Each structure stands twice: as structure tokens, then as C-alpha cells.
Amino acid sequence: MNKFGRKRAIDVWSIGILALALGFQVAQGGDDTLDLSVMMQPADPKQFIHDDQYFNWCHSIVRDSAGRYHLFYARWPKSLTFNAWLTHSEIAHAISDHLTGPYTGSKTILRGRGEGWDAITAHNVQVNRFGDRYYMYYIGTNSGDKRLTEEQLQNIAQKGYSHPQWDLLRSRQRVGVAVADSLNARWQRSEHPLIEPGGTIKTITTNPSVCQGRDNRFYLIVKGDDVRVKKGRRLIQAISVSEKPDGDFKIEPQPAFSDISTEDVCIWFDKERDRYYALFHAFGRDFIGMITSEDGIHWQKARHFQVCKKEIPLCDGTVMKIDRMERPYVYLENDQVRMVSFAVKKANDSFIVLFECKSAK
């Protein structure tokens, strides 16, 4: 190392020591080398998680201390049309001895409770274990002062986006959290939403995803309407940080990502690379994308930005064409990406597709 290199190293070290002394966080981050596109293996149709009676959609997986895998996912009756995600979604729980299933014993564990912020539906589920407790992040909605009957809700689902009450229910969507001491215990819901629209987003908070960072704080990404768009809607991601997994999240002054319209973000901290990653569905485009951050607040396109197309490569060498591929979820085990999964819609069915991941090394 020449004298200029030595001087720069000393300066960086000195700045770091000064920042720590003054109580500031020193931004860190290793090389952005994660390439999920080469890790994801073709899917096996026998492992698709589908149901003859329900549309299956957003999901997450948690492993318990006995090594069993717990799948939490949103579902709603096919008899009510696909648009009933806004009016009739509920959260179900199933268990398997293997990451790729089969998952059995499915039962409903959370639905709209008839009153409060989540009076109607439980949707967009993600379950994490932080410390000795489990945290279920989800969204719900309500109709405010206007009471809607079951018949009216079914009518909204049947007519979908053209129904005059659709925007009422959409605009009241909020993120909340339920907490439990075990995966089979009763979930205790929050009495109020976890985070309200503000800062860079307006109208809604949806699509929650949370991870714990290197500083032990909790990083929450949510979707909302871009405040800069006065007419129409543009979906962007807001980042917020808290000292606790179940409260006091504050939206940062800049969006996590707003280059294109996006939704369904899944965030995690990569300990090996010492940086944050997030996978998203590019709204209106034919790919799944990935962004990255060194500090969890300032984000940019990852080096391997486009992870995959919205299609399903199968283990027999063929490719399944589908109508929609959304809600990406990244499952980690021993701090390594073990699986990437999606909610997929094809004709009058929607199901969960699992892609096992081989080691990146």
C-alpha cells in the first residue's frame, strides 16, 4: 500500500471512530454478489400448493424448534371470484416435515374480526420469529361508518374494480401485526394499525415485510400510492425503522424504491454479504426484480437486478406460461437463501410455487 492508500485507510478509520464516539451508525456493507437467478432450481408441479375450493396467494414459512415447517398463507373462496381478495381473504396455517411439502392440516387462523381497523379480511401475511416470540404482519380493511352486509361484500367481489365501493375498501387498507408465543398459540392482534400512510406514500399501507438488521433494529417495507402523483396511482415502496418489531415505525423521508411501479416486496438481511436485499414484483412488467442497501434505508438496484421472468421453468424442462406471478417470498435457513416462492395465477386457479435454491458458492 502506498502512502496515499495508507492515508485514506487512516482517515476512514478515524471517521468511523469519531462517528461511534458521537453515537452515529457507521454505514457498512459487503459486496453485492447475490445472484438468485443462478440459484433457483426448476419447480416441481407436485409441490405446488393449490386447493380446489380456494385461491391461494401471499405466504411465508417459519421453521419451529422441532424442525417442522409452518406455512402461513392467504386464501379466499373461488366461488366469490378472484377479486374477493379484498373482501373475503383469510389467513390459513399448514405444516410439513419438509420445506417443499406436502403441507397438511390446513386451517383458518385469522380472518376479518367484524370491527376495528381489520374488520374485513386478513391478507398479505408474513410471519417472523424475533427473540422468543412470533410476529404475524398482515393487512386488513374496513368500511368506516358505512356498514356492509355479507351480500354487499359479495357483490363488491363479483363486480370488482368497477364497483362504487371498491375504492372505499381499498383506501382503508392498513398494515397491522399479531403476536404469539408459539406457532400454535392464539394470535393477539394489535388494536390499531402498525403504520399509517405518510411521508412518501399516501392512501394505503400494504404488502408488509420486516427483517432485523445488523444494528438489531427492525426494517419494515410497505407499499403505498406515490404522493408525487396527483392523478391516477403509482405504487412505490416506503421504508421505516423501529427499535421494536411491533411498534413505533417511522417512515423515512425518501422512498425505498420508486424508479418503477412495484409491489409485494420481501426484505431480508444477508449476513454473509453484510447488506440488505429485497425482492419485488415489477407491476405491469414481465420480471421479478431485486434491490439492495448497505444501511437498510438507502436502496438501489442490485447488481443482478432482474431475477427471473414471470413464468415457471419446470423440472421436466418445459416452461409453464401463467397469467400472474406475484408475492415473492425468500426463505432463509442458517442465514442462507434456501427457497424463493411466488403466488401464481393461471386461468381460474391461483397457487404457490416453490423454487428450491442451491448454494451460491
# chains A, B, ... in the order shown; residues from 1 in each chain; ligands from 1

call {"tool": "select_by_dssp", "arguments": {"residues": "region 113-344 of chain A", "states": "strand (DSSP E)", "output": "PyMOL selection string"}}
result
chain A and resi 120-130+133-141+174-180+188-189+201-212+218-226+235-242+250-251+262-270+275-282+287-293+299-309+312-313+319-320+324-333+336-344

call {"tool": "closest_residue", "arguments": {"among": "A:Ile239, A:Ile91, A:Val344, A:Met290", "to": "Gln306 (chain A)", "atoms": "only C-alpha atoms"}}
result
A:Met290

call {"tool": "atom_distance", "arguments": {"atom1": "CA of Gln126 (chain A)", "atom2": "CA of Asp64 (chain A)"}}
result
15.3 Å

call {"tool": "closest_residue", "arguments": {"among": "A:Lys230, A:Lys345, A:Lys202, A:Arg273", "to": "Ile251 (chain A)", "atoms": "only C-alpha atoms"}}
result
A:Lys202

call {"tool": "closest_residue", "arguments": {"among": "A:Ser341, A:Gln254, A:Gln173, A:Asn155", "to": "Tyr329 (chain A)", "atoms": "only C-alpha atoms"}}
result
A:Ser341

call {"tool": "residues_around", "arguments": {"residues": "Phe342 (chain A)", "least_positions_apart": "4", "cutoff": "8 Å", "atoms": "only C-alpha atoms", "output": "VMD selection string"}}
result
chain A and resid 58 325 to 329 352 to 354

call {"tool": "write_last_selection", "arguments": {"atoms": "all heavy atoms", "output": "PDB file, in the first residue's frame"}}
result
ATOM      1  N   CYS A  58     -50.642 -14.895  -1.081  1.00  0.00           N
ATOM      2  CA  CYS A  58     -49.438 -14.470  -0.350  1.00  0.00           C
ATOM      3  C   CYS A  58     -49.133 -15.440   0.799  1.00  0.00           C
ATOM      4  O   CYS A  58     -50.030 -16.020   1.387  1.00  0.00           O
ATOM      5  CB  CYS A  58     -49.590 -13.050   0.159  1.00  0.00           C
ATOM      6  SG  CYS A  58     -51.224 -12.599   0.751  1.00  0.00           S
ATOM      7  N   MET A 325     -47.694 -13.613 -11.759  1.00  0.00           N
ATOM      8  CA  MET A 325     -46.681 -14.187 -10.863  1.00  0.00           C
ATOM      9  C   MET A 325     -46.240 -13.066  -9.935  1.00  0.00           C
ATOM     10  O   MET A 325     -45.537 -12.146 -10.345  1.00  0.00           O
ATOM     11  CB  MET A 325     -45.515 -14.735 -11.682  1.00  0.00           C
ATOM     12  CG  MET A 325     -44.391 -15.352 -10.863  1.00  0.00           C
ATOM     13  SD  MET A 325     -43.225 -16.171 -12.000  1.00  0.00           S
ATOM     14  CE  MET A 325     -41.805 -16.375 -10.909  1.00  0.00           C
ATOM     15  N   GLU A 326     -46.675 -13.129  -8.689  1.00  0.00           N
ATOM     16  CA  GLU A 326     -46.505 -12.019  -7.749  1.00  0.00           C
ATOM     17  C   GLU A 326     -46.124 -12.553  -6.370  1.00  0.00           C
ATOM     18  O   GLU A 326     -45.800 -13.717  -6.200  1.00  0.00           O
ATOM     19  CB  GLU A 326     -47.803 -11.194  -7.695  1.00  0.00           C
ATOM     20  CG  GLU A 326     -48.227 -10.670  -9.068  1.00  0.00           C
ATOM     21  CD  GLU A 326     -49.596 -10.006  -9.070  1.00  0.00           C
ATOM     22  OE1 GLU A 326     -50.124  -9.701  -7.974  1.00  0.00           O
ATOM     23  OE2 GLU A 326     -50.154  -9.808 -10.170  1.00  0.00           O
ATOM     24  N   ARG A 327     -46.148 -11.678  -5.374  1.00  0.00           N
ATOM     25  CA  ARG A 327     -45.897 -12.022  -3.981  1.00  0.00           C
ATOM     26  C   ARG A 327     -44.646 -12.882  -3.781  1.00  0.00           C
ATOM     27  O   ARG A 327     -44.701 -13.978  -3.188  1.00  0.00           O
ATOM     28  CB  ARG A 327     -47.100 -12.745  -3.389  1.00  0.00           C
ATOM     29  CG  ARG A 327     -48.367 -11.921  -3.313  1.00  0.00           C
ATOM     30  CD  ARG A 327     -48.225 -10.682  -2.483  1.00  0.00           C
ATOM     31  NE  ARG A 327     -47.815 -11.009  -1.112  1.00  0.00           N
ATOM     32  CZ  ARG A 327     -47.503 -10.106  -0.182  1.00  0.00           C
ATOM     33  NH1 ARG A 327     -47.514  -8.820  -0.486  1.00  0.00           N
ATOM     34  NH2 ARG A 327     -47.161 -10.479   1.019  1.00  0.00           N
ATOM     35  N   PRO A 328     -43.467 -12.429  -4.243  1.00  0.00           N
ATOM     36  CA  PRO A 328     -42.250 -13.207  -3.996  1.00  0.00           C
ATOM     37  C   PRO A 328     -41.960 -13.307  -2.505  1.00  0.00           C
ATOM     38  O   PRO A 328     -42.170 -12.357  -1.746  1.00  0.00           O
ATOM     39  CB  PRO A 328     -41.165 -12.400  -4.711  1.00  0.00           C
ATOM     40  CG  PRO A 328     -41.705 -11.006  -4.774  1.00  0.00           C
ATOM     41  CD  PRO A 328     -43.184 -11.154  -4.929  1.00  0.00           C
ATOM     42  N   TYR A 329     -41.465 -14.479  -2.102  1.00  0.00           N
ATOM     43  CA  TYR A 329     -41.068 -14.692  -0.708  1.00  0.00           C
ATOM     44  C   TYR A 329     -39.733 -15.423  -0.700  1.00  0.00           C
ATOM     45  O   TYR A 329     -39.535 -16.394  -1.456  1.00  0.00           O
ATOM     46  CB  TYR A 329     -42.121 -15.504   0.049  1.00  0.00           C
ATOM     47  CG  TYR A 329     -41.683 -15.834   1.449  1.00  0.00           C
ATOM     48  CD1 TYR A 329     -41.628 -14.845   2.421  1.00  0.00           C
ATOM     49  CD2 TYR A 329     -41.287 -17.124   1.795  1.00  0.00           C
ATOM     50  CE1 TYR A 329     -41.187 -15.131   3.717  1.00  0.00           C
ATOM     51  CE2 TYR A 329     -40.848 -17.413   3.081  1.00  0.00           C
ATOM     52  CZ  TYR A 329     -40.803 -16.411   4.033  1.00  0.00           C
ATOM     53  OH  TYR A 329     -40.358 -16.692   5.291  1.00  0.00           O
ATOM     54  N   ILE A 352     -49.320 -21.545  -4.931  1.00  0.00           N
ATOM     55  CA  ILE A 352     -47.981 -21.146  -4.502  1.00  0.00           C
ATOM     56  C   ILE A 352     -46.966 -22.064  -5.171  1.00  0.00           C
ATOM     57  O   ILE A 352     -47.119 -23.282  -5.142  1.00  0.00           O
ATOM     58  CB  ILE A 352     -47.872 -21.217  -2.966  1.00  0.00           C
ATOM     59  CG1 ILE A 352     -48.887 -20.254  -2.317  1.00  0.00           C
ATOM     60  CG2 ILE A 352     -46.453 -20.880  -2.503  1.00  0.00           C
ATOM     61  CD1 ILE A 352     -49.106 -20.495  -0.836  1.00  0.00           C
ATOM     62  N   VAL A 353     -45.960 -21.449  -5.774  1.00  0.00           N
ATOM     63  CA  VAL A 353     -44.911 -22.196  -6.467  1.00  0.00           C
ATOM     64  C   VAL A 353     -43.603 -22.040  -5.709  1.00  0.00           C
ATOM     65  O   VAL A 353     -43.201 -20.913  -5.373  1.00  0.00           O
ATOM     66  CB  VAL A 353     -44.744 -21.709  -7.912  1.00  0.00           C
ATOM     67  CG1 VAL A 353     -43.561 -22.413  -8.586  1.00  0.00           C
ATOM     68  CG2 VAL A 353     -46.026 -21.958  -8.707  1.00  0.00           C
ATOM     69  N   LEU A 354     -42.937 -23.152  -5.438  1.00  0.00           N
ATOM     70  CA  LEU A 354     -41.707 -23.176  -4.661  1.00  0.00           C
ATOM     71  C   LEU A 354     -40.511 -23.453  -5.567  1.00  0.00           C
ATOM     72  O   LEU A 354     -40.515 -24.431  -6.317  1.00  0.00           O
ATOM     73  CB  LEU A 354     -41.787 -24.254  -3.580  1.00  0.00           C
ATOM     74  CG  LEU A 354     -43.064 -24.297  -2.718  1.00  0.00           C
ATOM     75  CD1 LEU A 354     -43.025 -25.501  -1.787  1.00  0.00           C
ATOM     76  CD2 LEU A 354     -43.237 -23.010  -1.942  1.00  0.00           C
TER      77      LEU A 354
END

call {"tool": "residues_around", "arguments": {"residues": "His123 (chain A)", "least_positions_apart": "4", "cutoff": "6 Å", "atoms": "only C-alpha atoms", "output": "MDAnalysis selection string"}}
result
chainID A and resid 74 89 138:139

call {"tool": "write_last_selection", "arguments": {"atoms": "C-alpha atoms", "output": "compact mmCIF listing (two decimals), in the first residue's frame"}}
result
# COMPACT_ATOMS: atom_id res chain seq x y z
CA ALA A 74 -53.85 -16.03 2.38
CA SER A 89 -59.34 -13.11 2.31
CA TYR A 138 -50.74 -8.69 7.66
CA ILE A 139 -53.25 -6.22 6.25

call {"tool": "select_by_dssp", "arguments": {"residues": "region 46-292 of chain A", "states": "helix (DSSP H, G or I)", "output": "PDB file with N, CA, C and O atoms, in the first residue's frame"}}
result
ATOM      1  N   LYS A  46     -45.648 -31.157  -8.599  1.00  0.00           N
ATOM      2  CA  LYS A  46     -46.198 -31.937  -7.480  1.00  0.00           C
ATOM      3  C   LYS A  46     -46.081 -31.181  -6.156  1.00  0.00           C
ATOM      4  O   LYS A  46     -46.744 -31.545  -5.174  1.00  0.00           O
ATOM      5  N   GLN A  47     -45.240 -30.141  -6.135  1.00  0.00           N
ATOM      6  CA  GLN A  47     -45.049 -29.360  -4.912  1.00  0.00           C
ATOM      7  C   GLN A  47     -45.837 -28.054  -4.919  1.00  0.00           C
ATOM      8  O   GLN A  47     -45.726 -27.273  -3.980  1.00  0.00           O
ATOM      9  N   LYS A  78     -63.044 -19.669  -4.142  1.00  0.00           N
ATOM     10  CA  LYS A  78     -63.116 -19.494  -5.590  1.00  0.00           C
ATOM     11  C   LYS A  78     -64.520 -19.128  -6.051  1.00  0.00           C
ATOM     12  O   LYS A  78     -64.697 -18.481  -7.091  1.00  0.00           O
ATOM     13  N   SER A  79     -65.517 -19.513  -5.281  1.00  0.00           N
ATOM     14  CA  SER A  79     -66.903 -19.216  -5.656  1.00  0.00           C
ATOM     15  C   SER A  79     -67.194 -17.720  -5.678  1.00  0.00           C
ATOM     16  O   SER A  79     -68.184 -17.286  -6.289  1.00  0.00           O
ATOM     17  N   LEU A  80     -66.329 -16.925  -5.039  1.00  0.00           N
ATOM     18  CA  LEU A  80     -66.568 -15.481  -4.946  1.00  0.00           C
ATOM     19  C   LEU A  80     -65.754 -14.682  -5.958  1.00  0.00           C
ATOM     20  O   LEU A  80     -65.785 -13.452  -5.910  1.00  0.00           O
ATOM     21  N   PHE A  82     -61.846 -14.105  -8.129  1.00  0.00           N
ATOM     22  CA  PHE A  82     -60.504 -13.749  -7.675  1.00  0.00           C
ATOM     23  C   PHE A  82     -60.474 -12.394  -6.970  1.00  0.00           C
ATOM     24  O   PHE A  82     -59.653 -12.154  -6.078  1.00  0.00           O
ATOM     25  N   ASN A  83     -61.376 -11.491  -7.348  1.00  0.00           N
ATOM     26  CA  ASN A  83     -61.403 -10.154  -6.741  1.00  0.00           C
ATOM     27  C   ASN A  83     -61.814 -10.173  -5.273  1.00  0.00           C
ATOM     28  O   ASN A  83     -61.695  -9.142  -4.592  1.00  0.00           O
ATOM     29  N   ALA A  84     -62.247 -11.312  -4.774  1.00  0.00           N
ATOM     30  CA  ALA A  84     -62.649 -11.388  -3.371  1.00  0.00           C
ATOM     31  C   ALA A  84     -61.465 -11.349  -2.418  1.00  0.00           C
ATOM     32  O   ALA A  84     -61.652 -11.409  -1.199  1.00  0.00           O
ATOM     33  N   TRP A  85     -60.233 -11.204  -2.931  1.00  0.00           N
ATOM     34  CA  TRP A  85     -59.092 -10.992  -2.030  1.00  0.00           C
ATOM     35  C   TRP A  85     -59.321  -9.750  -1.166  1.00  0.00           C
ATOM     36  O   TRP A  85     -58.876  -9.705  -0.020  1.00  0.00           O
ATOM     37  N   LEU A  86     -60.017  -8.750  -1.707  1.00  0.00           N
ATOM     38  CA  LEU A  86     -60.244  -7.517  -0.951  1.00  0.00           C
ATOM     39  C   LEU A  86     -61.374  -7.647   0.062  1.00  0.00           C
ATOM     40  O   LEU A  86     -61.410  -6.922   1.050  1.00  0.00           O
ATOM     41  N   THR A  87     -62.269  -8.595  -0.155  1.00  0.00           N
ATOM     42  CA  THR A  87     -63.466  -8.683   0.683  1.00  0.00           C
ATOM     43  C   THR A  87     -63.541  -9.931   1.569  1.00  0.00           C
ATOM     44  O   THR A  87     -64.231  -9.922   2.585  1.00  0.00           O
ATOM     45  N   HIS A  88     -62.840 -10.997   1.202  1.00  0.00           N
ATOM     46  CA  HIS A  88     -63.028 -12.264   1.915  1.00  0.00           C
ATOM     47  C   HIS A  88     -61.740 -13.029   2.211  1.00  0.00           C
ATOM     48  O   HIS A  88     -61.785 -14.197   2.602  1.00  0.00           O
ATOM     49  N   GLU A 150     -72.963  -8.997   4.241  1.00  0.00           N
ATOM     50  CA  GLU A 150     -72.277 -10.054   3.503  1.00  0.00           C
ATOM     51  C   GLU A 150     -72.696 -10.047   2.033  1.00  0.00           C
ATOM     52  O   GLU A 150     -71.877 -10.246   1.135  1.00  0.00           O
ATOM     53  N   GLU A 151     -73.972  -9.804   1.790  1.00  0.00           N
ATOM     54  CA  GLU A 151     -74.449  -9.736   0.410  1.00  0.00           C
ATOM     55  C   GLU A 151     -73.776  -8.596  -0.349  1.00  0.00           C
ATOM     56  O   GLU A 151     -73.377  -8.758  -1.511  1.00  0.00           O
ATOM     57  N   GLN A 152     -73.607  -7.452   0.306  1.00  0.00           N
ATOM     58  CA  GLN A 152     -72.942  -6.316  -0.338  1.00  0.00           C
ATOM     59  C   GLN A 152     -71.466  -6.617  -0.607  1.00  0.00           C
ATOM     60  O   GLN A 152     -70.935  -6.261  -1.660  1.00  0.00           O
ATOM     61  N   LEU A 153     -70.802  -7.276   0.342  1.00  0.00           N
ATOM     62  CA  LEU A 153     -69.397  -7.623   0.140  1.00  0.00           C
ATOM     63  C   LEU A 153     -69.232  -8.593  -1.028  1.00  0.00           C
ATOM     64  O   LEU A 153     -68.309  -8.468  -1.834  1.00  0.00           O
ATOM     65  N   GLN A 154     -70.139  -9.559  -1.122  1.00  0.00           N
ATOM     66  CA  GLN A 154     -70.074 -10.488  -2.238  1.00  0.00           C
ATOM     67  C   GLN A 154     -70.318  -9.779  -3.557  1.00  0.00           C
ATOM     68  O   GLN A 154     -69.695 -10.114  -4.582  1.00  0.00           O
ATOM     69  N   ASN A 155     -71.186  -8.784  -3.549  1.00  0.00           N
ATOM     70  CA  ASN A 155     -71.456  -8.023  -4.761  1.00  0.00           C
ATOM     71  C   ASN A 155     -70.240  -7.206  -5.185  1.00  0.00           C
ATOM     72  O   ASN A 155     -69.923  -7.097  -6.378  1.00  0.00           O
ATOM     73  N   ILE A 156     -69.510  -6.657  -4.200  1.00  0.00           N
ATOM     74  CA  ILE A 156     -68.273  -5.928  -4.494  1.00  0.00           C
ATOM     75  C   ILE A 156     -67.266  -6.875  -5.139  1.00  0.00           C
ATOM     76  O   ILE A 156     -66.604  -6.527  -6.124  1.00  0.00           O
ATOM     77  N   ALA A 157     -67.149  -8.075  -4.585  1.00  0.00           N
ATOM     78  CA  ALA A 157     -66.216  -9.053  -5.141  1.00  0.00           C
ATOM     79  C   ALA A 157     -66.596  -9.433  -6.565  1.00  0.00           C
ATOM     80  O   ALA A 157     -65.729  -9.559  -7.440  1.00  0.00           O
ATOM     81  N   GLN A 158     -67.888  -9.605  -6.822  1.00  0.00           N
ATOM     82  CA  GLN A 158     -68.337 -10.009  -8.148  1.00  0.00           C
ATOM     83  C   GLN A 158     -68.067  -8.926  -9.191  1.00  0.00           C
ATOM     84  O   GLN A 158     -67.608  -9.222 -10.300  1.00  0.00           O
ATOM     85  N   LYS A 159     -68.282  -7.691  -8.837  1.00  0.00           N
ATOM     86  CA  LYS A 159     -68.088  -6.590  -9.793  1.00  0.00           C
ATOM     87  C   LYS A 159     -66.656  -6.085  -9.817  1.00  0.00           C
ATOM     88  O   LYS A 159     -66.220  -5.462 -10.783  1.00  0.00           O
ATOM     89  N   GLY A 160     -65.912  -6.321  -8.733  1.00  0.00           N
ATOM     90  CA  GLY A 160     -64.502  -5.955  -8.714  1.00  0.00           C
ATOM     91  C   GLY A 160     -64.244  -4.461  -8.750  1.00  0.00           C
ATOM     92  O   GLY A 160     -64.969  -3.665  -8.134  1.00  0.00           O
ATOM     93  N   TYR A 161     -63.241  -4.071  -9.514  1.00  0.00           N
ATOM     94  CA  TYR A 161     -62.759  -2.695  -9.504  1.00  0.00           C
ATOM     95  C   TYR A 161     -63.796  -1.683  -9.962  1.00  0.00           C
ATOM     96  O   TYR A 161     -63.681  -0.489  -9.658  1.00  0.00           O
ATOM     97  N   SER A 162     -64.805  -2.111 -10.693  1.00  0.00           N
ATOM     98  CA  SER A 162     -65.823  -1.183 -11.194  1.00  0.00           C
ATOM     99  C   SER A 162     -66.907  -0.882 -10.163  1.00  0.00           C
ATOM    100  O   SER A 162     -67.722   0.024 -10.361  1.00  0.00           O
ATOM    101  N   TRP A 166     -65.572  -0.251  -4.185  1.00  0.00           N
ATOM    102  CA  TRP A 166     -64.242  -0.867  -4.227  1.00  0.00           C
ATOM    103  C   TRP A 166     -63.187   0.071  -3.654  1.00  0.00           C
ATOM    104  O   TRP A 166     -62.354  -0.333  -2.818  1.00  0.00           O
ATOM    105  N   ASP A 167     -63.196   1.312  -4.076  1.00  0.00           N
ATOM    106  CA  ASP A 167     -62.181   2.263  -3.609  1.00  0.00           C
ATOM    107  C   ASP A 167     -62.312   2.563  -2.123  1.00  0.00           C
ATOM    108  O   ASP A 167     -61.325   2.888  -1.464  1.00  0.00           O
ATOM    109  N   LEU A 168     -63.531   2.465  -1.592  1.00  0.00           N
ATOM    110  CA  LEU A 168     -63.705   2.661  -0.148  1.00  0.00           C
ATOM    111  C   LEU A 168     -62.900   1.610   0.607  1.00  0.00           C
ATOM    112  O   LEU A 168     -62.152   1.937   1.543  1.00  0.00           O
ATOM    113  N   LEU A 169     -63.036   0.347   0.216  1.00  0.00           N
ATOM    114  CA  LEU A 169     -62.313  -0.724   0.902  1.00  0.00           C
ATOM    115  C   LEU A 169     -60.817  -0.670   0.596  1.00  0.00           C
ATOM    116  O   LEU A 169     -59.995  -0.919   1.482  1.00  0.00           O
ATOM    117  N   ARG A 170     -60.464  -0.349  -0.645  1.00  0.00           N
ATOM    118  CA  ARG A 170     -59.038  -0.264  -0.977  1.00  0.00           C
ATOM    119  C   ARG A 170     -58.358   0.809  -0.149  1.00  0.00           C
ATOM    120  O   ARG A 170     -57.270   0.605   0.399  1.00  0.00           O
ATOM    121  N   SER A 171     -58.960   1.973  -0.040  1.00  0.00           N
ATOM    122  CA  SER A 171     -58.309   3.117   0.606  1.00  0.00           C
ATOM    123  C   SER A 171     -58.160   2.940   2.109  1.00  0.00           C
ATOM    124  O   SER A 171     -57.356   3.648   2.740  1.00  0.00           O
TER     125      SER A 171
END

call {"tool": "closest_residue", "arguments": {"among": "A:Ala256, A:Ala302, A:Ala122, A:Leu71", "to": "Leu183 (chain A)", "atoms": "only C-alpha atoms"}}
result
A:Leu71
